[in-house]
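Only one structure is covered here, and it is reproduced in the block below.
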Amino acid sequence: MNVLVPLLIFITGLIFGSFFNVVIYRLPEGKSIIAPRSFCPSCGAKLKAYDLIPVFSFIFLRGKCRYCGCKISFRYPLVELVTGVVFVILYIKFGLSVEFIFTVFLMSILLMVFFIDLEHMIIPNELVIAGLIGGIALFVLRFWFDDALVGDSQWYSPILGMLATSGFLLLVALIGLAIYGTDAFGMGDVKIFLYRLILGLKLSVISLVFSIFIGGITGLFLIITGLKHRKSHIPFGPFIVMGTFLSILFGNEFFAWYVGMLL
């Protein structure tokens with residue numbers, strides 16, 4: 001494989017990840033993601049271009065602000081690195097294709113959801129709307145071409161996937177509200193499955209199964225280790241993100257394996 005293209009995609013991911021950090025920091029606080037220029041959250045100093053080189057600036061500055069010496073959150077290089085790696089993995093999976101473009105778009109939104117929900121336990125409506133717009137765009141384009149995400153499924157498969165997964169989480173949330181007085185899933189978790197317009201029915205259901213499985217195992221581990229108790233609130237958004245990514249990469253193979261086990 002020519003390493004130049006993956007390298008360029010990785011660098012592009014780092015750059016996008018730097019912007020995602022701005023969104024992750026500012027959006028939950030209701031701040032503009034466009035203005036003002038990037039600044040140190042501790043001292044307010046405006047950052048220069050050489051302070052904002054993805055990953056490398058963090059390493060060169062030893063994780064501290066150049067101007068006040070306060071520690072820089074490790075989340076910044078982590079988001080940049082994860083974004084670059086995710087972009088490259090999706091390129092290896094799909095090559096330079098429409099599927100690559102739309103899965104990169106989907107995972108870009110979901111990566112921001114991951115870190116915002118993990119820190120603030122919210123999923124901003126702005127990200128829900130952005131993901132839905134991308135889903136609608138791909139849904140319309142599918143009338144002119146076939147893609148690997150839905151395969152030979154019917155044209156309405158993405159709509160069924162969106163309704164089935166969002167509807168299931170909404171039902172669970174309402175049952176939890178009726179029994180315990182609190183919803184088992186936040187409405188943000190319900191709304192985030194509107195993105196399933198991009199995936200189609202099969203991958204949508206598989207992503208939900210993966211998300212619940214990963215969330216269940218993680219929750220059980222946290223309870224056993226005493227880090228959380230049964231009534232603790234654990235954000236479900238990060239599990240949805242991981243489940244979605246796994247379904248994009250392995251969902252069709254998992255479905256084929258599962259059907260083969262039944263036959």
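Each chain in the structure tokens gets a letter, A, B and so on, in the order shown; residues start at 1 in every chain, and ligands are counted from 1 in the order they appear.
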*Mind listing the strand (DSSP E or B) residues of region 34-249 of chain A, per DSSP on the backbone, as a ChimeraX atom specification?*
/A:39,46,64,71
*Hey, which of A:Ala49, A:Val209, A:Leu81, A:Leu106 ends up closest to Ile192 (chain A)? Count only C-alpha atoms.*
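Looking at the shortest contact to Ile192 (chain A), the residue is A:Leu106.
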*Spatial neighbours of region 97-105 of chain A, max dist 7 Å, only C-alpha atoms, sep filter under 4 positions, as a VMD selection string*: chain A and resid 87 90 to 91 109 147
Please save N, CA and C atoms of the selected residues as a short mmCIF file (atom, residue, chain, number, x, y, z; two decimals), in the first residue's frame.
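Output file part18.cif follows:
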data_model
loop_
_atom_site.label_atom_id
_atom_site.label_comp_id
_atom_site.auth_asym_id
_atom_site.auth_seq_id
_atom_site.Cartn_x
_atom_site.Cartn_y
_atom_site.Cartn_z
N PHE A 87 -9.66 8.15 10.97
CA PHE A 87 -9.70 8.49 9.54
C PHE A 87 -8.92 7.46 8.73
N LEU A 90 -10.78 4.06 8.54
CA LEU A 90 -11.90 4.13 7.59
C LEU A 90 -11.39 4.14 6.16
N TYR A 91 -10.24 4.77 5.91
CA TYR A 91 -9.65 4.74 4.57
C TYR A 91 -9.25 3.31 4.19
N ILE A 109 -18.58 13.59 13.86
CA ILE A 109 -19.64 14.06 14.76
C ILE A 109 -19.62 13.23 16.04
N ASP A 147 -24.19 1.58 -2.18
CA ASP A 147 -23.03 1.69 -1.31
C ASP A 147 -22.95 0.49 -0.40
#
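Using only C-alpha atoms for every distance, the candidate list A:Thr244, A:Leu201, A:Trp155, A:Arg230 yields A:Thr244 as the residue closest to Ile214 (chain A).
Picture a line from CA of Thr83 (chain A) to CA of Gly243 (chain A); it runs 16.3 Å.
The neighbours of Gly161 (chain A) here are the residues that come within 8 Å of it, using only C-alpha atoms and leaving out any residue fewer than 5 positions away in the same chain; they are Arg196, Leu197, Leu199, Gly200, Leu201, Lys202, Leu203, Ser204 and Val205 of chain A.
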*Skip region 65-74 of chain A itself and residues of its chain fewer than 3 positions away, then list as a list in words all residues within 9 Å of it, counting only C-alpha atoms.*
Cys40, Pro41, Ser42, Cys43, Ala45, Leu47, Asp51, Phe58, Leu61, Arg62, Pro77, Leu78 and Val79 of chain A
_Long-range neighbours of region 257-260 of chain A as a PyMOL selection string, 12 Å cut-off, only C-alpha atoms, 6 positions minimum in chain_ = chain A and resi 206+250-251
*Which is closest to Ile234 (chain A) among A:Lys48, A:Arg75, A:Lys191, A:His120, if we use only C-alpha atoms?*
A:His120
*Please measure the separation of CA of Leu149 (chain A) and CA of Ala173 (chain A), giving the value in Å to one decimal.*
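These two atoms are separated by 28.2 Å.
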*asked:* Excluding Gly237 (chain A) and its own-chain neighbours fewer than 4 positions away, which residues fall within 9 Å of it when counting only C-alpha atoms? Please give them as a list in words.
replied: Leu110, Val113, Phe114, Phe115, Ile116, Asp117, Leu118, Met121, Ile122, Ile123, Gly188, Asp189, Ile192, Ser211, Val241 and Met242 of chain A
*Could you jot down the CA of Phe94 (chain A) to CA of Ala148 (chain A) separation for me, Å, one decimal place?*
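One can read the CA of Phe94 (chain A) to CA of Ala148 (chain A) distance as 8.6 Å.
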*Would you return as a ChimeraX atom specification the members of region 46-152 of chain A that DSSP assigns to alpha helix (DSSP H) on this structure's backbone?*
/A:56-60,75-94,98-120,125-141
